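Worksheet: the structure to be examined is printed underneath.
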Number of protein chains: 2
Amino acid sequence: MHKKILIIGAVALGTKVATRCKRLNPNTEITMIDQGSFISYGGCGMPYYLSSEVEHIDELQKTSANVLRNPQFFINVKGVDHVKVRTKALEINRQEKYVLVENLDTKEQEKIPYDELVLGMGSTPILPKVNGVNLHNVTTIAGLEDAQAIRKHCEHGMNDLVIIGAGFSAIEIAVGLSEMWGINCTLIKRSPRMLPSLLSPTLSDMVKNDLSKANINIISEEEVLEFIGDEKGNVCEVVTSKHRIKADHVILAMGVKPNIELAEKAGLACHPKCGVIVNEYLQTSDPTIYAGGDLIALKNLITNQEMHLPMGSMANRQGRIIGTNVAGGNPVTGKETFAGAVGTWIMKLNLGTVSGTGLNEDQAKKAGFDAVSISMEQLDKAHFYPEKSMMSLEVVVDKKTRRILGMQGYCEDGMSLKARIDAMAVMFQYGKPTLHDLSNAEVSYSPPFASAMDIFNACGNVADNIVTGLAEFITPQEFEELFAKRENNNYIFLDARPGLEPKKLQEKYPNYFYATSLETFEKDFENVPHDRKIAIICNSGTRAYECQLKLKAKGIKAVNSSGGMQAMKKRGKEY
Amino acid sequence: MHKKILIIGAVALGTKVATRCKRLNPNTEITMIDQGSFISYGGCGMPYYLSSEVEHIDELQKTSANVLRNPQFFINVKGVDHVKVRTKALEINRQEKYVLVENLDTKEQEKIPYDELVLGMGSTPILPKVNGVNLHNVTTIAGLEDAQAIRKHCEHGMNDLVIIGAGFSAIEIAVGLSEMWGINCTLIKRSPRMLPSLLSPTLSDMVKNDLSKANINIISEEEVLEFIGDEKGNVCEVVTSKHRIKADHVILAMGVKPNIELAEKAGLACHPKCGVIVNEYLQTSDPTIYAGGDLIALKNLITNQEMHLPMGSMANRQGRIIGTNVAGGNPVTGKETFAGAVGTWIMKLNLGTVSGTGLNEDQAKKAGFDAVSISMEQLDKAHFYPEKSMMSLEVVVDKKTRRILGMQGYCEDGMSLKARIDAMAVMFQYGKPTLHDLSNAEVSYSPPFASAMDIFNACGNVADNIVTGLAEFITPQEFEELFAKRENNNYIFLDARPGLEPKKLQEKYPNYFYATSLETFEKDFENVPHDRKIAIICNSGTRAYECQLKLKAKGIKAVNSSGGMQAMKKRGKEY
């Protein structure tokens with residue numbers, strides 16, 4: 001008799017499990033159910049469908065060979081035995097090994113027996129507990145039905161969109177709808193920073209500035225209190241603690257929570273926030289039940305703590321592993337394992353792209369590390385090569401051990417940033433990389449793609465200098481604050497850029513900004529007041545470091561503004 | 001008294017040693033000598049100067065802050081004590097610790113004493129031993145003087161360039177001069193394949209096809225016998241074993257050899273082909289003498305054998321390490337180490353970019369591995385995202401251990417390829433990655449940058465299927481040969497692409513090509529002769545694999561053409 005495998009959820013994880021299992025072991029009987037009408041769609045593509053970069057919704061449901069991935073496709077082409085949509089799992093009976101399901105249209109119930117069960121129920125948007133959530137045109141972005149409704153509204157003339165939340169989907173939607181449809185977009189979020197658990201204050205500023213250039217309005221540190229509707233029941237206003245904002249559409253994008261209710265009811269071990277708990281084979285506390293995707297808690301390989309990482313790529317990789325394991329294992333190597341994750345992500349914004357892996361400084365400190373975040377600016381390609389972008393790259397380091405804990409960046413050339421972040425990500429996954437490893441990572445070099453000392457290596461070198469105590473940096477925010485309070489803090493500001501810019505600042509801010517060229521440092525320095533503290537800034541940070549060393553040789557301690565004027569500019573600050 | 005450090009060679013390695021050392025320890029007395037007039041230039045940028053993408057030669061000598069890196073710069077800005085150009089080292093006296101040098105202009109000799117010596121003499125082009133090498137307009141591309149002469153000739157009307165060799169510089173120059181100046185370029189090389197120690201036959205074909213679209217003429221498996229000059233002593237013809245080729249310029253780009261003569265004469269341990277032998281601190285067999293850059297032999301971290309890897313990026317990383325070590329070590333962590341290299345490289349071609357890391361199949365077999373090279377085609381970004389490129393990616397695997405030994409690829413979006421190759425490269429550097437690691441590498445995902453199952457992971461999955469014996473592939477060349485011999489080998493060719501293309505081939509090649517859609521496989525299969533062997537092809541390989549499994553379920557063994565029609569097309573082959 002064939003082993004019966006029942007899969008609950010058929011978006012990313014479930015379909016991967018089914019197809020992988022069938023390829024490895026056709027002698028299985030697979031039933032796949034989903035409560036939605038659409039299955040196997042590229043949910044991460046929804047922002048691009050909303051923007052109309054993806055024209056038709058079925059493109060998100062087609063294979064790369066342009067074939068629609070509907071239930072018939074999985075049955076005819078992939079050999080899945082049964083696919084039931086609009087079918088909700090009500091209860092798992094682990095003793096008798098069946099799942100009670102209900103057809104959402106006919107309300108008919110049936111018991112589907114299983115030998116092995118796979119849970120891929122995903123996650124659900126977190127909703128604000130305020131009045132007006134049920135008004136017309138207040139939607140989530142949880143599935144293709146939502147996406148269709150929003151796109152339709154765009155096509156019929158949406159004017160003022162308010163997005164509650166500022167995570168990945170929120171930002172991607174705001175960028176797309178603002179750019180492609182010219183809609184006024186406002187993001188409302190609780191935290192002061194953008195993506196506060198992923199970015200530093202500097203990178204957060206860069207993201208804010210990037211979005212502001214697309215006329216996206218960002219409201220920080222405010223809570224939504226109420227959605228107000230018009231006489232027809234359409235949303236028309238969003239009320240926060242400080243504002244009333246006109247809105248003809250509201251998208252609730254405050255994040256998602258794993259759909260653990262069914263698993264909890266069945267007595268499977270769950271982490272209340274992070275999801276169903278699984279072992280390295282992706283088995284739940286019941287070894288005949290597997291789980292993956294947005295539903296599960298993952299071990300963070302850097303902190304060893306549990307986390308929730310809802311991403312299509314995770315679901316795909318885990319789906320293959322569960323598929324192999326329910327098929328009876330790889331014929332040669334046996335059962336497959338999934339160790340955990342480090343948290344790697346990337347997001348295209350308006351002008352640039354932001355990406356990261358591992359922990360930011362805050363998270364690292366929370367996890368008990370003596371962490372510091374070090375940022376730099378460097379061209380991503382050879383400086384003499386005509387096409388190039390100034391990349392911002394930050395590395396989070398444990399000061400004592402020099403172990404790297406995270407890397408984040410921002411760059412106009414998003415793929416170029418991805419190249420650096422991904423190299424770091426795989427290092428995290430297979431070891432405990434140190435600054436030495438980063439400085440000496442053998443990434444590919446040729447002028448159209450990198451500098452001879454690539455920013456990836458250089459980032460390690462800069463961090464090494466700082467952790468060693470050779471260089472002393474302050475953040476752009478700290479420099480900005482020192483300059484703002486210049487009348488009281490006895491600081492002078494040394495501009496070490498070559499060319500004429502420093503002279504201009506010297507004229508604009510006499511007695512505060514001083515120009516120095518490294519070439520004529522000794523002479524320039526004679527004109528600088530010697531009784532005041534010194535903060536140095538240059539174009540990207542390199543010359544400021546040289547300048548700092550020259551001052552150090554004179555016994556004078558100074559600080560550098562990390563990333564120089566380039567970082568300032570990307571944050572939207574000009575002097 | 002200050003420690004005296006003498007550095008021979010001031011292009012990439014030497015200048016990095018000097019500046020790093022001075023930053024760490026200003027209490028050193030550094031002398032840097034070089035036999036050329038130009039120092040500290042971006043040699044890898046020369047092809048882009050020749051093409052005129054880099055307009056002025058001094059751009060290759062300027063810092064990113066636009067400051068010329070001449071001897072005065074190193075003295076005034078970087079604090080190097082003495083810089084002598086046009087100065088050749090004649091002899092190292094290790095007993096008395098001095099180097100005898102000669103000024104090439106005045107012929108004056110002097111002894112420069114050292115406490116520690118750094119050798120960065122680089123490499124020299126390999127020249128063919130034939131008549132006519134000294135004709136006018138027969139040049140190498142060893143330094144800026146060469147580059148200036150070639151560029152001048154381009155500006156004054158070069159017509160027919162013959163390049164001897166087909167390595168990185170040779171190809172980069174051919175692409176640039178053909179594209180930007182419209183010069184007829186011919187590459188002459190001994191090997192049948194392009195970059196035979198780096199690429200598979202399939203990728204080699206793709207590189208050939210790419211270059212042919214820039215009208216670059218490639219002559220393989222021929223030796224140069226003679227260069228013939230006109231009455232003025234200018235080269236006018238190149239004679240090979242089979243051809244006579246018109247030429248008004250010849251560039252000798254057959255590769256380089258390390259300049260080990262000085263080190264050998266001083267009794268330092270050298271590998272005859274790979275260069276000066278160094279330990280992990282980059283010390284030669286005399287611990288007071290360091291060496292790096294193009295001069296040294298490096299340990300290949302995959303084979304543990306010695307290799308020569310002349311690259312500016314290597315010199316830069318090693319320069320920092322030697323600089324730290326001659327300065328007395330990092331104040332906190334002490335002496336720095338350099339473990340070796342895996343061989344990571346990238347090169348922009350005409351339409352696309354080719355890149356790789358680690359070993360190709362030939363090299364892996366030579367090193368004793370039971371290796372197989374597995375290639376695939378997949379879109380680099382989400383297939384529904386408007387901008388995307390079809391990437392060719394190959395992985396070289398040890399069949400028994402599933403250890404990955406190399407990865408190579410070709411893609412129109414070069415940075416996108418770099419992202420995948422670099423991720424593999426760092427895995428090599430810090431472990432012995434297996435297919436499991438590749439399948440589960442946590443690279444960043446978002447539709448504008450990757451598929452949910454990224455080609456990087458998918459490449460591991462495909463290789464896993466093949467090594468496990470689930471899928472059976474043949475190379476595009478093998479498919480091509482099977483088809484060419486179709487009248488005698490009893491094969492039929494099953495086209496599993498969706499759409500109308502398969503029908504066209506069926507009509508064009510009746511009784512040989514048969515169309516099948518996975519959707520209607522059972523019905524289609526009735527029309528296929530069952531007494532003949534089957535080779536399957538589809539668009540990129542995925543549907544052919546599904547088709548193979550369907551045949552397998554019927555007890556029929558078939559083979560797939562890896563990379564499908566996409567790989568064929570990139571190789572310049574259309575059916």
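In the structure tokens, chains take letters A, B, ... by order of appearance, with residues numbered from 1 within each chain and ligands from 1 in the order shown.
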Tell me, counting only C-alpha atoms, for each residue of chain B within 7 Å of chain A, which pair of atoms is nearest and how far apart they are in Å to one decimal, in rows ordered by chain and increasing number, as a Markdown table.
| residue | atom | partner | partner_atom | distance |
| --- | --- | --- | --- | --- |
| B:Cys44 | CA | A:Pro447 | CA | 6.8 |
| B:Gly45 | CA | A:Pro447 | CA | 6.3 |
| B:Glu53 | CA | A:Pro386 | CA | 6.7 |
| B:Val54 | CA | A:Tyr385 | CA | 6.4 |
| B:Glu59 | CA | A:Phe384 | CA | 5.8 |
| B:Leu60 | CA | A:Phe384 | CA | 6.3 |
| B:Ser64 | CA | A:His383 | CA | 5.5 |
| B:Ala65 | CA | A:Pro498 | CA | 6.7 |
| B:Asn76 | CA | A:Glu519 | CA | 6.1 |
| B:Val77 | CA | A:Glu519 | CA | 5.4 |
| B:Gly312 | CA | A:Ala452 | CA | 5.7 |
| B:Ser313 | CA | A:Ala452 | CA | 4.3 |
| B:Asn316 | CA | A:Met453 | CA | 6.0 |
| B:Arg317 | CA | A:Asn440 | CA | 6.4 |
| B:Pro331 | CA | A:Thr468 | CA | 7.0 |
| B:Val332 | CA | A:Thr468 | CA | 6.1 |
| B:Thr344 | CA | A:Ser444 | CA | 5.1 |
| B:Trp345 | CA | A:Ser444 | CA | 4.7 |
| B:Ile346 | CA | A:Ser444 | CA | 5.8 |
| B:Met347 | CA | A:Ser446 | CA | 6.4 |
| B:His383 | CA | A:Ser64 | CA | 5.5 |
| B:Phe384 | CA | A:Glu59 | CA | 5.8 |
| B:Tyr385 | CA | A:Val54 | CA | 6.4 |
| B:Pro386 | CA | A:Glu53 | CA | 6.6 |
| B:Met415 | CA | A:Ser416 | CA | 5.9 |
| B:Ser416 | CA | A:Met415 | CA | 5.9 |
| B:Lys418 | CA | A:Ala419 | CA | 6.3 |
| B:Ala419 | CA | A:Ala419 | CA | 3.7 |
| B:Asp422 | CA | A:Val443 | CA | 5.1 |
| B:Ala423 | CA | A:Ala423 | CA | 4.3 |
| B:Ala425 | CA | A:Glu442 | CA | 6.5 |
| B:Val426 | CA | A:Ala441 | CA | 6.1 |
| B:Met427 | CA | A:Met427 | CA | 6.5 |
| B:Asn440 | CA | A:Arg317 | CA | 6.3 |
| B:Ala441 | CA | A:Val426 | CA | 6.1 |
| B:Glu442 | CA | A:Val426 | CA | 6.4 |
| B:Val443 | CA | A:Asp422 | CA | 5.1 |
| B:Ser444 | CA | A:Trp345 | CA | 4.7 |
| B:Tyr445 | CA | A:Trp345 | CA | 6.0 |
| B:Ser446 | CA | A:Ile346 | CA | 6.1 |
| B:Pro447 | CA | A:Gly45 | CA | 6.3 |
| B:Phe449 | CA | A:Met415 | CA | 6.5 |
| B:Ala452 | CA | A:Ser313 | CA | 4.3 |
| B:Met453 | CA | A:Ser313 | CA | 5.8 |
| B:Thr468 | CA | A:Val332 | CA | 6.1 |
| B:Pro498 | CA | A:Ala65 | CA | 6.7 |
| B:Leu518 | CA | A:Val77 | CA | 5.7 |
| B:Glu519 | CA | A:Val77 | CA | 5.4 |
Next item on the list: Write out as a list in words each polymer residue whose atoms come within 9 Å of Asp495 of chain B, counting only C-alpha atoms; drop sequence neighbours fewer than 6 positions from it.
Entry: Glu501, Pro502, Lys503, Leu505, Gln506, Phe513, Tyr514, Ala515, Thr516, Ser517, Ala535, Ile536, Ile537, Cys538, Asn539 and Ala544 of chain B
Checklist line | Picked from segment 136-192 of chain B by DSSP as alpha helix (DSSP H), as a PyMOL selection string | finding: chain B and resi 144-155+168-181
Item checked: All strand (DSSP E) positions in segment 155-343 of chain A, as a PyMOL selection string -> chain A and resi 160-164+184-188+217-219+224-229+235-240+244-246+249-252+256-258+270-271+275-276+289-291+298-299+306-307
Would you mind exporting the chosen residues as a compact mmCIF listing (two decimals), in the first residue's frame, restricted to C-alpha atoms?
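selection.txt written:
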# COMPACT_ATOMS: atom_id res chain seq x y z
CA ASP A 160 -4.23 58.64 -1.16
CA LEU A 161 -2.87 55.39 0.15
CA VAL A 162 -1.96 54.97 3.79
CA ILE A 163 0.10 51.94 4.68
CA ILE A 164 0.18 50.86 8.29
CA ASN A 184 0.29 59.74 -2.57
CA CYS A 185 1.68 57.16 -0.18
CA THR A 186 2.05 57.55 3.55
CA LEU A 187 3.70 54.98 5.79
CA ILE A 188 2.77 55.03 9.46
CA ASN A 217 5.53 60.36 3.35
CA ILE A 218 6.86 58.58 6.44
CA ILE A 219 5.23 59.12 9.79
CA VAL A 224 -3.06 54.30 14.42
CA LEU A 225 -6.09 55.04 16.56
CA GLU A 226 -8.95 54.75 14.10
CA PHE A 227 -9.98 54.41 10.47
CA ILE A 228 -12.86 56.68 9.54
CA GLY A 229 -15.30 55.87 6.73
CA VAL A 235 -12.34 54.48 4.29
CA CYS A 236 -11.60 58.21 4.00
CA GLU A 237 -9.33 59.09 6.90
CA VAL A 238 -6.72 57.59 9.19
CA VAL A 239 -6.41 58.97 12.69
CA THR A 240 -3.14 58.63 14.57
CA ARG A 244 -5.47 62.91 10.62
CA ILE A 245 -4.53 61.65 7.16
CA LYS A 246 -6.74 61.59 4.10
CA HIS A 249 -7.17 53.12 0.62
CA VAL A 250 -5.43 51.64 3.64
CA ILE A 251 -3.13 48.64 3.52
CA LEU A 252 -2.43 46.87 6.79
CA VAL A 256 2.67 38.56 10.03
CA LYS A 257 2.29 35.90 12.69
CA PRO A 258 2.55 32.15 12.11
CA CYS A 270 5.03 25.78 19.46
CA HIS A 271 6.88 28.98 20.25
CA GLY A 275 5.91 29.40 15.28
CA VAL A 276 5.81 25.63 15.33
CA ILE A 289 4.21 15.56 11.25
CA TYR A 290 6.56 17.90 9.39
CA ALA A 291 6.30 21.68 9.17
CA LEU A 298 13.83 28.84 13.02
CA LYS A 299 17.04 28.70 14.97
CA GLU A 306 14.43 31.15 18.00
CA MET A 307 13.19 33.56 15.33
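Residues in contact with segment 104-107 of chain A at 12 Å, where only C-alpha atoms are counted and same-chain residues fewer than 3 positions away are skipped, are listed as Ile33, Asp34, Gln35, Gly36, Ser37, Lys84, Val85, Arg86, Thr87, Lys88, Ala89, Leu90, Val101 and Glu110 of chain A.
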Item checked: Long-range neighbours of Thr140 of chain B as a PyMOL selection string, 12 Å cut-off, only C-alpha atoms, 4 positions minimum in chain -> chain B and resi 46+124-128+133-136+144-150+162-165+169-170+173+249-256
I need the residues from that last selection saved to file as an mmCIF file, in the first residue's frame (with N, CA and C atoms), if you can.
data_model
loop_
_atom_site.group_PDB
_atom_site.id
_atom_site.type_symbol
_atom_site.label_atom_id
_atom_site.label_comp_id
_atom_site.auth_asym_id
_atom_site.auth_seq_id
_atom_site.Cartn_x
_atom_site.Cartn_y
_atom_site.Cartn_z
ATOM 1 N N MET B 46 44.170 48.471 -17.685
ATOM 2 C CA MET B 46 44.736 48.802 -18.993
ATOM 3 C C MET B 46 43.814 48.475 -20.171
ATOM 4 N N THR B 124 56.494 38.736 -15.598
ATOM 5 C CA THR B 124 56.892 39.214 -16.921
ATOM 6 C C THR B 124 56.122 38.418 -17.969
ATOM 7 N N PRO B 125 55.741 39.058 -19.057
ATOM 8 C CA PRO B 125 55.039 38.301 -20.101
ATOM 9 C C PRO B 125 55.907 37.173 -20.664
ATOM 10 N N ILE B 126 55.269 36.072 -20.958
ATOM 11 C CA ILE B 126 55.940 34.972 -21.647
ATOM 12 C C ILE B 126 55.972 35.327 -23.136
ATOM 13 N N LEU B 127 57.135 35.217 -23.762
ATOM 14 C CA LEU B 127 57.255 35.599 -25.174
ATOM 15 C C LEU B 127 57.433 34.349 -26.031
ATOM 16 N N PRO B 128 56.889 34.368 -27.225
ATOM 17 C CA PRO B 128 57.102 33.227 -28.124
ATOM 18 C C PRO B 128 58.537 33.292 -28.665
ATOM 19 N N VAL B 133 59.831 38.939 -33.212
ATOM 20 C CA VAL B 133 59.299 39.428 -31.934
ATOM 21 C C VAL B 133 59.689 40.885 -31.683
ATOM 22 N N ASN B 134 60.828 41.291 -32.264
ATOM 23 C CA ASN B 134 61.291 42.655 -32.006
ATOM 24 C C ASN B 134 60.837 43.673 -33.050
ATOM 25 N N LEU B 135 59.992 43.247 -33.975
ATOM 26 C CA LEU B 135 59.481 44.199 -34.971
ATOM 27 C C LEU B 135 58.713 45.323 -34.296
ATOM 28 N N HIS B 136 58.633 46.443 -34.982
ATOM 29 C CA HIS B 136 57.849 47.560 -34.472
ATOM 30 C C HIS B 136 56.369 47.166 -34.463
ATOM 31 N N LEU B 144 52.237 50.424 -18.195
ATOM 32 C CA LEU B 144 51.584 51.584 -18.794
ATOM 33 C C LEU B 144 52.275 52.055 -20.072
ATOM 34 N N GLU B 145 53.613 51.851 -20.162
ATOM 35 C CA GLU B 145 54.318 52.239 -21.390
ATOM 36 C C GLU B 145 53.744 51.473 -22.577
ATOM 37 N N ASP B 146 53.564 50.159 -22.419
ATOM 38 C CA ASP B 146 52.945 49.347 -23.475
ATOM 39 C C ASP B 146 51.565 49.884 -23.809
ATOM 40 N N ALA B 147 50.800 50.145 -22.750
ATOM 41 C CA ALA B 147 49.414 50.578 -22.949
ATOM 42 C C ALA B 147 49.371 51.885 -23.735
ATOM 43 N N GLN B 148 50.285 52.801 -23.403
ATOM 44 C CA GLN B 148 50.318 54.082 -24.115
ATOM 45 C C GLN B 148 50.614 53.886 -25.600
ATOM 46 N N ALA B 149 51.575 52.989 -25.890
ATOM 47 C CA ALA B 149 51.951 52.752 -27.284
ATOM 48 C C ALA B 149 50.781 52.161 -28.073
ATOM 49 N N ILE B 150 50.076 51.225 -27.453
ATOM 50 C CA ILE B 150 48.953 50.581 -28.167
ATOM 51 C C ILE B 150 47.817 51.575 -28.382
ATOM 52 N N VAL B 162 46.458 41.388 -34.142
ATOM 53 C CA VAL B 162 46.527 39.961 -33.813
ATOM 54 C C VAL B 162 47.029 39.839 -32.384
ATOM 55 N N ILE B 163 46.287 39.100 -31.577
ATOM 56 C CA ILE B 163 46.695 38.899 -30.189
ATOM 57 C C ILE B 163 47.137 37.446 -30.043
ATOM 58 N N ILE B 164 48.325 37.260 -29.554
ATOM 59 C CA ILE B 164 48.827 35.902 -29.352
ATOM 60 C C ILE B 164 48.491 35.518 -27.913
ATOM 61 N N GLY B 165 47.622 34.531 -27.758
ATOM 62 C CA GLY B 165 47.153 34.144 -26.434
ATOM 63 C C GLY B 165 45.673 34.458 -26.319
ATOM 64 N N SER B 169 43.754 39.110 -20.225
ATOM 65 C CA SER B 169 44.112 40.364 -20.884
ATOM 66 C C SER B 169 43.812 40.281 -22.366
ATOM 67 N N ALA B 170 44.175 39.175 -22.978
ATOM 68 C CA ALA B 170 43.982 39.011 -24.417
ATOM 69 C C ALA B 170 42.513 39.230 -24.781
ATOM 70 N N ILE B 173 41.235 42.880 -24.042
ATOM 71 C CA ILE B 173 41.725 43.836 -25.040
ATOM 72 C C ILE B 173 40.983 43.651 -26.357
ATOM 73 N N HIS B 249 49.374 45.370 -35.965
ATOM 74 C CA HIS B 249 49.809 45.359 -34.562
ATOM 75 C C HIS B 249 49.668 43.941 -34.017
ATOM 76 N N VAL B 250 50.619 43.564 -33.212
ATOM 77 C CA VAL B 250 50.559 42.267 -32.538
ATOM 78 C C VAL B 250 50.741 42.493 -31.049
ATOM 79 N N ILE B 251 49.856 41.920 -30.253
ATOM 80 C CA ILE B 251 50.046 41.973 -28.796
ATOM 81 C C ILE B 251 50.349 40.563 -28.300
ATOM 82 N N LEU B 252 51.439 40.436 -27.587
ATOM 83 C CA LEU B 252 51.846 39.147 -27.033
ATOM 84 C C LEU B 252 51.228 39.015 -25.651
ATOM 85 N N ALA B 253 50.246 38.148 -25.545
ATOM 86 C CA ALA B 253 49.517 38.009 -24.271
ATOM 87 C C ALA B 253 49.358 36.532 -23.949
ATOM 88 N N MET B 254 50.477 35.851 -23.912
ATOM 89 C CA MET B 254 50.467 34.398 -23.692
ATOM 90 C C MET B 254 50.547 34.030 -22.219
ATOM 91 N N GLY B 255 50.392 35.012 -21.380
ATOM 92 C CA GLY B 255 50.489 34.746 -19.947
ATOM 93 C C GLY B 255 51.772 35.320 -19.381
ATOM 94 N N VAL B 256 51.930 35.162 -18.085
ATOM 95 C CA VAL B 256 53.094 35.756 -17.408
ATOM 96 C C VAL B 256 53.785 34.707 -16.560
#
Margin query: Which residues are close to Lys111 of chain B, i.e. within 9 Å by only C-alpha atoms, leaving aside same-chain residues fewer than 5 positions away? Reply as an MDAnalysis selection string.
Written below: chainID B and resid 98:102
